[in-house]
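What follows is one structure encoded as structure tokens, with my remarks underneath.
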There are 2 protein chains.
Amino acid sequence: MQVKTTTQAIRPDTSEEKPVSPTTTPHVVIIGAGFGGLEAAKSLDKHPVQVTIIDRHNHHVFQPMLYQVATAGLSPADIAAPVRHIFKKQKNVAVLMAEVTGIDVQEQRVHLREDDQTVPYDYLIVATGATNNYFEHEEWQHFAPGLKSLNDALDIRSRVLLAFEAAERESDAEKRQALLTFVLVGGGPTGVELAGALADLVRNAFAGDFRHIQPQSARIILVQGPARVLPHFPAAIARKVQRHLAQMGVELRTGVHVTAIDEGGVQIGKDRVETRNVIWTAGVKASPAGQWLNAPVDHDGRVKVQRDLTVPGHDTIFVIGDTALVTQKGKHLPGVAPVAIQEGRYAASVIADRVAGKAHPRPFRYFDKGTLATVGRAFGVVNMGPLRFTGTLAWFTWLFVHLLFLIGLPKRLQVFLQYAWTYLSFQKGDRIVLPEGTSPPVL
Amino acid sequence: MQVKTTTQAIRPDTSEEKPVSPTTTPHVVIIGAGFGGLEAAKSLDKHPVQVTIIDRHNHHVFQPMLYQVATAGLSPADIAAPVRHIFKKQKNVAVLMAEVTGIDVQEQRVHLREDDQTVPYDYLIVATGATNNYFEHEEWQHFAPGLKSLNDALDIRSRVLLAFEAAERESDAEKRQALLTFVLVGGGPTGVELAGALADLVRNAFAGDFRHIQPQSARIILVQGPARVLPHFPAAIARKVQRHLAQMGVELRTGVHVTAIDEGGVQIGKDRVETRNVIWTAGVKASPAGQWLNAPVDHDGRVKVQRDLTVPGHDTIFVIGDTALVTQKGKHLPGVAPVAIQEGRYAASVIADRVAGKAHPRPFRYFDKGTLATVGRAFGVVNMGPLRFTGTLAWFTWLFVHLLFLIGLPKRLQVFLQYAWTYLSFQKGDRIVLPEGTSPPVL
């Protein structure tokens, strides 16, 4: 194992000589500043290691609330925080904003796109998340954006707001209806939450703003291949959610698949629906980390890790979060924040024990605290062990738990106020469409 | 004069027949939803006219606080509001999000880029504002963005934040220094406010966030051609501002001009300064409305309007705000919000009087209420008639007056809280860099 001095280990090091001394500190490199990566870095506080987090964005995103940015309820900065600011006080963490292009497992180095730099590691935690999965129909991506990043959320928001602007200008009734038809492909939590928030936007926030169209006449269609939405929730809860969605005016199409998407519309089973607005909420696939590591993966690209979350044959490389395939009690763990957080904490504890010379025999075990979701304004879903309920109280539970986890106190307070305002006023706070960037980025 | 029925007048009308009846309502078209355009539309409330505001953005921007977005203090939605939402309750106003490409003064129609549509008018108010003026050096625009729109502000913010990220990765000392050098060209209010906010960002908000660079070692250079900053303010105030800027670590270069800008640096008089960050705050020129109207303009493209703000030869076309050249007591009125607002109100009153069959003999007269500015955190400048002071009290005056004018109550409260937090914590709330848009816009 290569061991480096602290400063050399953090600053991407291009020297050929690698001095080893008794005072050197092991260097832990974490790729990805999502929930798993952040938790791993935090858990290594006070341990005698140097940590470098690499992410291609300068910010961590609170992904469970991305749909709020997509539907103009919140601003990007409300649900994101600069990664280096999060670790301001944890002095053994350095943050690099850079794009990883590969991993050299022989040399133990992470390759960056920027200036062909490399970063050496003693331990590596790969927490690179997931991207949208179009199931061999990559050509659909152009017409049906997914919702995985802040950029995705702003793209969807811009499309939704501009569709209403174009409809207000449009004199042809058919074209106007196509502009006011929204099809969401996929009825998991993202599809359900987005459909609810979209219905809330067009029925409440837009009321009275237009002169030629009735925004509440917009059609919102949620397509779900399986027989019901939220397949991972109990059937009774899913039924209540479906009833609530219908009350909000969302058209549900369950047990049917989307077979074609083009710029004019979408084919839902035997029906063709004319629409300019398709949003992809159907599924994700893992980041390409499995290829970087040349590791065994499943059909969604998730790395088949061992019981201690390391990659077979590489006991210093951990894969966590949406990029890892972990099986427990015969089931694959879902790609949700609590799984990533617990895996990040576990990987950090294994590394801390090894650095301290202690054994770490206990394999990873996920403790499921339950699931929460919202459907539009003031209707929530709680599924936590024996606690299973829906409605306003469930919405407040959701709100409380999510605010509790939002990173950074000032924004948490602000988001709470924004929420309170949204709730009281039926308004949406960030309906700003920014034009596509015209000037080139500096880097 | 063409007269139309209400509904035809708002919806871009392509019919050839133009029915005239005694019950028709005059159609006032306002191009531009800046301060002047908004005020004109608001002033036409309760009058027997139909108003259509056309803007290529869906939002009004509170331009005096753009520098706060550029320096990560505020989010775009904090200083912007959807135009149609502002007029939600004023039912004689319709809003069109569209780009104007020309004006046919014979046919009395405004031409839009979208679907080659046209909008007929009976009265026209042109309030299309100003853009950056590179004084015959358009090639500098690429290296030195200006600050006129939300997009400009996000571009500058992204460049500033990414420069620090790149410096943190950079091992070459000279390149690092170039990344950490910021040159602002132009010492008017925008240059001074931006320099102060930038100094505040790097000295306070970044403290402790980096491991390899000292953000407070960043150089901020403010270049001003005339002998002192803020030439339109009294000399005593400008001196105090210069002293305060120097205390904040801003290097002032007055009485010297920038003669070259390229990707590696900038030529300031006889000095070459290596920098990757040049920001243009030197001047503006009017929008091309003068060309559309084939009207007499000055060297900055401003339309030489008559004493009632109409264009010579067209008594139904008004030009207001930064696009108009208005002379009073031998001086040109400056391109600031109060001038545009008073001009918008005046143009509306002339139209209202004419529609009511009344004469409107009084020419436009600007009432100067004074000027406010800020320099970084908690230092303001007040220049209002006999009231001339600088410091913390002036900063609170600035804050109070600006919050008073921010449109939309919820955001005003939020911005106040954000400000209070910035003041108390030395933090900046929106340090999120968004990548350049990758998916095409829907329109």
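Naming works like this for the structure tokens: A, B, ... for the chains as they're shown, residue 1 at the start of each chain, ligands 1 onward in shown order.
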
For Asn58 of chain B, list every protein, DNA or RNA residue within 7 Å, evaluated using only C-alpha atoms, and leave out those in the same chain fewer than 6 positions away; present the list as a CSV table (one decimal) with C-alpha atoms, in the first residue's frame.
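Saved file out14.csv follows:
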```csv
chain,number,residue,atom,x,y,z
A,432,ILE,CA,-38.0,32.2,-13.0
A,433,VAL,CA,-36.9,30.8,-16.4
B,82,PRO,CA,-42.8,36.4,-12.9
B,83,VAL,CA,-44.3,39.3,-14.9
B,97,MET,CA,-43.3,36.2,-23.2
```

field: alpha helix (DSSP H) positions in segment 8-233 of chain A, given as a PyMOL selection string
entry: chain A and resi 8-10+35-43+66-70+83-86+150-169+173-179+189-200

task: Rank nothing, just name the residue among A:Glu343, A:Glu165, A:Glu263, A:Asp200 nearest to Gly73 of chain A, using only C-alpha atoms.
output: A:Asp200

Among segment 226-390 of chain A, which residues does DSSP mark as strand (DSSP E or B) when it is run on the backbone? Keep the chain and numbering as in the structure and answer as a PDB file with N, CA and C atoms, in the first residue's frame.
```pdb
ATOM      1  N   VAL A 250     -54.992  14.282 -11.539  1.00  0.00           N
ATOM      2  CA  VAL A 250     -53.968  13.536 -12.273  1.00  0.00           C
ATOM      3  C   VAL A 250     -54.613  12.300 -12.892  1.00  0.00           C
ATOM      4  N   GLU A 251     -54.401  12.097 -14.214  1.00  0.00           N
ATOM      5  CA  GLU A 251     -54.930  10.893 -14.872  1.00  0.00           C
ATOM      6  C   GLU A 251     -53.937   9.756 -14.697  1.00  0.00           C
ATOM      7  N   LEU A 252     -54.385   8.666 -14.102  1.00  0.00           N
ATOM      8  CA  LEU A 252     -53.503   7.522 -13.867  1.00  0.00           C
ATOM      9  C   LEU A 252     -53.672   6.499 -14.973  1.00  0.00           C
ATOM     10  N   ARG A 253     -52.563   6.011 -15.526  1.00  0.00           N
ATOM     11  CA  ARG A 253     -52.612   4.916 -16.498  1.00  0.00           C
ATOM     12  C   ARG A 253     -51.702   3.823 -15.960  1.00  0.00           C
ATOM     13  N   THR A 254     -52.261   2.845 -15.254  1.00  0.00           N
ATOM     14  CA  THR A 254     -51.443   1.777 -14.684  1.00  0.00           C
ATOM     15  C   THR A 254     -51.545   0.515 -15.530  1.00  0.00           C
ATOM     16  N   VAL A 258     -45.132   2.722 -21.927  1.00  0.00           N
ATOM     17  CA  VAL A 258     -44.821   3.678 -22.987  1.00  0.00           C
ATOM     18  C   VAL A 258     -43.935   2.961 -23.995  1.00  0.00           C
ATOM     19  N   THR A 259     -44.352   2.975 -25.269  1.00  0.00           N
ATOM     20  CA  THR A 259     -43.589   2.241 -26.280  1.00  0.00           C
ATOM     21  C   THR A 259     -42.905   3.161 -27.285  1.00  0.00           C
ATOM     22  N   ALA A 260     -43.251   4.437 -27.283  1.00  0.00           N
ATOM     23  CA  ALA A 260     -42.577   5.367 -28.188  1.00  0.00           C
ATOM     24  C   ALA A 260     -42.698   6.784 -27.641  1.00  0.00           C
ATOM     25  N   ILE A 261     -41.641   7.569 -27.819  1.00  0.00           N
ATOM     26  CA  ILE A 261     -41.651   8.987 -27.452  1.00  0.00           C
ATOM     27  C   ILE A 261     -40.997   9.761 -28.591  1.00  0.00           C
ATOM     28  N   GLY A 265     -45.313  13.657 -29.327  1.00  0.00           N
ATOM     29  CA  GLY A 265     -46.154  12.959 -28.369  1.00  0.00           C
ATOM     30  C   GLY A 265     -45.569  11.653 -27.893  1.00  0.00           C
ATOM     31  N   VAL A 266     -46.448  10.835 -27.306  1.00  0.00           N
ATOM     32  CA  VAL A 266     -45.998   9.603 -26.669  1.00  0.00           C
ATOM     33  C   VAL A 266     -47.047   8.515 -26.915  1.00  0.00           C
ATOM     34  N   GLN A 267     -46.563   7.290 -27.111  1.00  0.00           N
ATOM     35  CA  GLN A 267     -47.444   6.154 -27.314  1.00  0.00           C
ATOM     36  C   GLN A 267     -47.588   5.424 -25.982  1.00  0.00           C
ATOM     37  N   ILE A 268     -48.811   5.415 -25.433  1.00  0.00           N
ATOM     38  CA  ILE A 268     -49.062   4.745 -24.154  1.00  0.00           C
ATOM     39  C   ILE A 268     -49.929   3.539 -24.454  1.00  0.00           C
ATOM     40  N   ASP A 271     -52.753   3.833 -27.045  1.00  0.00           N
ATOM     41  CA  ASP A 271     -53.138   5.242 -27.224  1.00  0.00           C
ATOM     42  C   ASP A 271     -51.954   6.110 -27.607  1.00  0.00           C
ATOM     43  N   ARG A 272     -52.210   7.005 -28.546  1.00  0.00           N
ATOM     44  CA  ARG A 272     -51.241   8.042 -28.840  1.00  0.00           C
ATOM     45  C   ARG A 272     -51.713   9.314 -28.144  1.00  0.00           C
ATOM     46  N   VAL A 273     -50.836   9.928 -27.337  1.00  0.00           N
ATOM     47  CA  VAL A 273     -51.183  11.188 -26.679  1.00  0.00           C
ATOM     48  C   VAL A 273     -50.275  12.271 -27.232  1.00  0.00           C
ATOM     49  N   GLU A 274     -50.887  13.335 -27.768  1.00  0.00           N
ATOM     50  CA  GLU A 274     -50.099  14.462 -28.273  1.00  0.00           C
ATOM     51  C   GLU A 274     -49.649  15.309 -27.084  1.00  0.00           C
ATOM     52  N   ASN A 277     -44.572  17.661 -23.548  1.00  0.00           N
ATOM     53  CA  ASN A 277     -43.929  17.617 -22.238  1.00  0.00           C
ATOM     54  C   ASN A 277     -43.951  16.203 -21.672  1.00  0.00           C
ATOM     55  N   VAL A 278     -42.854  15.484 -21.852  1.00  0.00           N
ATOM     56  CA  VAL A 278     -42.738  14.160 -21.267  1.00  0.00           C
ATOM     57  C   VAL A 278     -41.606  14.213 -20.248  1.00  0.00           C
ATOM     58  N   ILE A 279     -41.838  13.657 -19.073  1.00  0.00           N
ATOM     59  CA  ILE A 279     -40.806  13.634 -18.034  1.00  0.00           C
ATOM     60  C   ILE A 279     -40.563  12.187 -17.646  1.00  0.00           C
ATOM     61  N   TRP A 280     -39.291  11.823 -17.553  1.00  0.00           N
ATOM     62  CA  TRP A 280     -38.907  10.445 -17.323  1.00  0.00           C
ATOM     63  C   TRP A 280     -38.657  10.198 -15.846  1.00  0.00           C
ATOM     64  N   VAL A 284     -33.529   4.164 -12.811  1.00  0.00           N
ATOM     65  CA  VAL A 284     -32.144   4.629 -12.835  1.00  0.00           C
ATOM     66  C   VAL A 284     -31.207   3.460 -13.076  1.00  0.00           C
ATOM     67  N   LYS A 285     -30.003   3.799 -13.506  1.00  0.00           N
ATOM     68  CA  LYS A 285     -28.942   2.811 -13.595  1.00  0.00           C
ATOM     69  C   LYS A 285     -27.710   3.383 -12.905  1.00  0.00           C
ATOM     70  N   ALA A 286     -26.822   2.499 -12.492  1.00  0.00           N
ATOM     71  CA  ALA A 286     -25.670   2.937 -11.715  1.00  0.00           C
ATOM     72  C   ALA A 286     -24.697   3.727 -12.586  1.00  0.00           C
ATOM     73  N   VAL A 297     -20.765  -6.606 -12.210  1.00  0.00           N
ATOM     74  CA  VAL A 297     -21.935  -5.733 -12.045  1.00  0.00           C
ATOM     75  C   VAL A 297     -23.214  -6.476 -12.415  1.00  0.00           C
ATOM     76  N   VAL A 303     -22.324  -2.449  -8.830  1.00  0.00           N
ATOM     77  CA  VAL A 303     -21.194  -3.318  -8.499  1.00  0.00           C
ATOM     78  C   VAL A 303     -21.607  -4.315  -7.412  1.00  0.00           C
ATOM     79  N   LYS A 304     -21.343  -5.623  -7.690  1.00  0.00           N
ATOM     80  CA  LYS A 304     -21.669  -6.663  -6.707  1.00  0.00           C
ATOM     81  C   LYS A 304     -20.592  -6.684  -5.638  1.00  0.00           C
ATOM     82  N   THR A 310     -16.644  -4.040   0.100  1.00  0.00           N
ATOM     83  CA  THR A 310     -15.465  -3.889  -0.747  1.00  0.00           C
ATOM     84  C   THR A 310     -15.689  -4.640  -2.058  1.00  0.00           C
ATOM     85  N   VAL A 311     -14.876  -4.285  -3.039  1.00  0.00           N
ATOM     86  CA  VAL A 311     -14.939  -4.914  -4.343  1.00  0.00           C
ATOM     87  C   VAL A 311     -14.146  -6.223  -4.288  1.00  0.00           C
ATOM     88  N   HIS A 314     -10.238  -6.473  -4.062  1.00  0.00           N
ATOM     89  CA  HIS A 314      -9.667  -5.158  -3.707  1.00  0.00           C
ATOM     90  C   HIS A 314     -10.173  -4.757  -2.329  1.00  0.00           C
ATOM     91  N   ASP A 315      -9.453  -5.152  -1.297  1.00  0.00           N
ATOM     92  CA  ASP A 315      -9.998  -4.899   0.034  1.00  0.00           C
ATOM     93  C   ASP A 315      -9.822  -3.462   0.506  1.00  0.00           C
ATOM     94  N   THR A 316      -9.234  -2.582  -0.339  1.00  0.00           N
ATOM     95  CA  THR A 316      -9.158  -1.164   0.040  1.00  0.00           C
ATOM     96  C   THR A 316     -10.135  -0.309  -0.770  1.00  0.00           C
ATOM     97  N   ILE A 317     -10.935  -0.964  -1.605  1.00  0.00           N
ATOM     98  CA  ILE A 317     -11.893  -0.202  -2.431  1.00  0.00           C
ATOM     99  C   ILE A 317     -13.322  -0.565  -2.036  1.00  0.00           C
ATOM    100  N   PHE A 318     -14.076   0.444  -1.599  1.00  0.00           N
ATOM    101  CA  PHE A 318     -15.468   0.266  -1.205  1.00  0.00           C
ATOM    102  C   PHE A 318     -16.377   0.901  -2.253  1.00  0.00           C
ATOM    103  N   VAL A 319     -17.510   0.263  -2.503  1.00  0.00           N
ATOM    104  CA  VAL A 319     -18.529   0.888  -3.344  1.00  0.00           C
ATOM    105  C   VAL A 319     -19.809   0.980  -2.512  1.00  0.00           C
ATOM    106  N   ALA A 324     -23.813   0.541  -5.679  1.00  0.00           N
ATOM    107  CA  ALA A 324     -23.535  -0.781  -5.109  1.00  0.00           C
ATOM    108  C   ALA A 324     -24.784  -1.669  -5.141  1.00  0.00           C
ATOM    109  N   LEU A 325     -24.574  -2.956  -5.375  1.00  0.00           N
ATOM    110  CA  LEU A 325     -25.658  -3.934  -5.270  1.00  0.00           C
ATOM    111  C   LEU A 325     -25.457  -4.704  -3.980  1.00  0.00           C
ATOM    112  N   THR A 327     -27.394  -7.185  -1.176  1.00  0.00           N
ATOM    113  CA  THR A 327     -28.560  -8.033  -0.976  1.00  0.00           C
ATOM    114  C   THR A 327     -28.701  -8.332   0.505  1.00  0.00           C
ATOM    115  N   GLN A 328     -29.913  -8.199   1.010  1.00  0.00           N
ATOM    116  CA  GLN A 328     -30.163  -8.479   2.420  1.00  0.00           C
ATOM    117  C   GLN A 328     -31.496  -9.196   2.531  1.00  0.00           C
ATOM    118  N   LYS A 331     -33.344  -9.682  -0.649  1.00  0.00           N
ATOM    119  CA  LYS A 331     -33.806  -8.534  -1.442  1.00  0.00           C
ATOM    120  C   LYS A 331     -32.661  -7.578  -1.696  1.00  0.00           C
ATOM    121  N   HIS A 332     -32.704  -6.933  -2.867  1.00  0.00           N
ATOM    122  CA  HIS A 332     -31.734  -5.878  -3.136  1.00  0.00           C
ATOM    123  C   HIS A 332     -32.133  -4.635  -2.355  1.00  0.00           C
ATOM    124  N   THR A 371     -40.270   4.704   5.111  1.00  0.00           N
ATOM    125  CA  THR A 371     -40.272   5.551   3.921  1.00  0.00           C
ATOM    126  C   THR A 371     -41.326   6.637   4.052  1.00  0.00           C
ATOM    127  N   LEU A 372     -41.008   7.798   3.489  1.00  0.00           N
ATOM    128  CA  LEU A 372     -41.931   8.928   3.487  1.00  0.00           C
ATOM    129  C   LEU A 372     -42.065   9.459   2.064  1.00  0.00           C
ATOM    130  N   ALA A 373     -43.211  10.029   1.766  1.00  0.00           N
ATOM    131  CA  ALA A 373     -43.386  10.675   0.467  1.00  0.00           C
ATOM    132  C   ALA A 373     -44.474  11.726   0.592  1.00  0.00           C
ATOM    133  N   THR A 374     -44.556  12.617  -0.411  1.00  0.00           N
ATOM    134  CA  THR A 374     -45.648  13.607  -0.424  1.00  0.00           C
ATOM    135  C   THR A 374     -46.360  13.541  -1.764  1.00  0.00           C
ATOM    136  N   GLY A 380     -49.358  13.671   2.715  1.00  0.00           N
ATOM    137  CA  GLY A 380     -48.142  12.880   2.817  1.00  0.00           C
ATOM    138  C   GLY A 380     -48.441  11.403   3.000  1.00  0.00           C
ATOM    139  N   VAL A 381     -47.366  10.626   2.931  1.00  0.00           N
ATOM    140  CA  VAL A 381     -47.452   9.179   3.097  1.00  0.00           C
ATOM    141  C   VAL A 381     -46.365   8.771   4.086  1.00  0.00           C
ATOM    142  N   VAL A 382     -46.738   8.054   5.129  1.00  0.00           N
ATOM    143  CA  VAL A 382     -45.763   7.549   6.085  1.00  0.00           C
ATOM    144  C   VAL A 382     -45.860   6.028   6.115  1.00  0.00           C
ATOM    145  N   ASN A 383     -44.719   5.378   5.950  1.00  0.00           N
ATOM    146  CA  ASN A 383     -44.661   3.918   5.994  1.00  0.00           C
ATOM    147  C   ASN A 383     -43.442   3.518   6.807  1.00  0.00           C
ATOM    148  N   MET A 384     -43.595   3.535   8.139  1.00  0.00           N
ATOM    149  CA  MET A 384     -42.473   3.274   9.031  1.00  0.00           C
ATOM    150  C   MET A 384     -42.863   2.164   9.988  1.00  0.00           C
ATOM    151  N   LEU A 387     -46.219   2.081  11.752  1.00  0.00           N
ATOM    152  CA  LEU A 387     -46.846   3.362  11.429  1.00  0.00           C
ATOM    153  C   LEU A 387     -47.116   3.460   9.939  1.00  0.00           C
ATOM    154  N   ARG A 388     -48.374   3.357   9.579  1.00  0.00           N
ATOM    155  CA  ARG A 388     -48.733   3.502   8.168  1.00  0.00           C
ATOM    156  C   ARG A 388     -49.924   4.412   8.067  1.00  0.00           C
ATOM    157  N   PHE A 389     -49.702   5.657   7.615  1.00  0.00           N
ATOM    158  CA  PHE A 389     -50.844   6.544   7.451  1.00  0.00           C
ATOM    159  C   PHE A 389     -50.571   7.555   6.350  1.00  0.00           C
ATOM    160  N   THR A 390     -51.651   8.176   5.901  1.00  0.00           N
ATOM    161  CA  THR A 390     -51.559   9.175   4.837  1.00  0.00           C
ATOM    162  C   THR A 390     -52.312  10.415   5.272  1.00  0.00           C
TER     163      THR A 390
END
```

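Between atom CA of Asp322 of chain A and atom CA of Met65 of chain A lies a distance of 17.2 Å.
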
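Excluding Gln50 of chain A itself and same-chain residues fewer than 4 positions from it, the residues having an atom within 7 Å of it are A:Thr6, A:Thr25, A:Pro26, A:His27, A:Val28, A:Asn92, A:Val93, counting only C-alpha atoms.
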
Restricted to N, CA, C and O atoms, what would the selected residues look like written as a short mmCIF file (atom, residue, chain, number, x, y, z; two decimals), in the first residue's frame?
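Wrote part.cif, looks like this:
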```
data_model
loop_
_atom_site.label_atom_id
_atom_site.label_comp_id
_atom_site.auth_asym_id
_atom_site.auth_seq_id
_atom_site.Cartn_x
_atom_site.Cartn_y
_atom_site.Cartn_z
N THR A 6 0.76 13.99 4.40
CA THR A 6 -0.56 14.61 4.30
C THR A 6 -0.68 15.55 3.11
O THR A 6 -1.56 15.40 2.27
N THR A 25 0.16 9.66 7.05
CA THR A 25 -1.24 9.44 7.38
C THR A 25 -1.92 8.77 6.18
O THR A 25 -1.73 9.22 5.06
N PRO A 26 -2.70 7.74 6.40
CA PRO A 26 -3.38 7.11 5.26
C PRO A 26 -4.32 8.10 4.57
O PRO A 26 -4.96 8.92 5.23
N HIS A 27 -4.39 8.00 3.26
CA HIS A 27 -5.21 8.91 2.47
C HIS A 27 -6.46 8.19 1.97
O HIS A 27 -6.37 7.24 1.21
N VAL A 28 -7.62 8.65 2.40
CA VAL A 28 -8.89 8.09 1.96
C VAL A 28 -9.47 9.01 0.90
O VAL A 28 -9.70 10.19 1.16
N ASN A 92 -9.47 17.49 8.49
CA ASN A 92 -8.84 16.38 7.77
C ASN A 92 -9.53 16.07 6.44
O ASN A 92 -9.23 15.07 5.81
N VAL A 93 -10.46 16.94 6.03
CA VAL A 93 -11.13 16.75 4.74
C VAL A 93 -10.73 17.86 3.77
O VAL A 93 -10.83 19.05 4.11
#
```

- prompt: Counting only C-alpha atoms, what is within 12 Å of Ala163 of chain A, bar same-chain residues fewer than 4 positions away, as a PyMOL selection string?
  reply: (chain A and resi 156-159+167-170+175-182+202+213+215+218+275-278+433) or (chain B and resi 58+97+441-443)

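Coordinates place atom CA of Asp300 of chain B at a distance of 19.1 Å from atom CA of Gly102 of chain B.
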
task: Give the answer as one residue: which of B:Pro231, B:Gly264, B:Gly255, B:Pro363 has the shortest atom-to-atom distance to chain A, using only C-alpha atoms?
output: B:Gly264
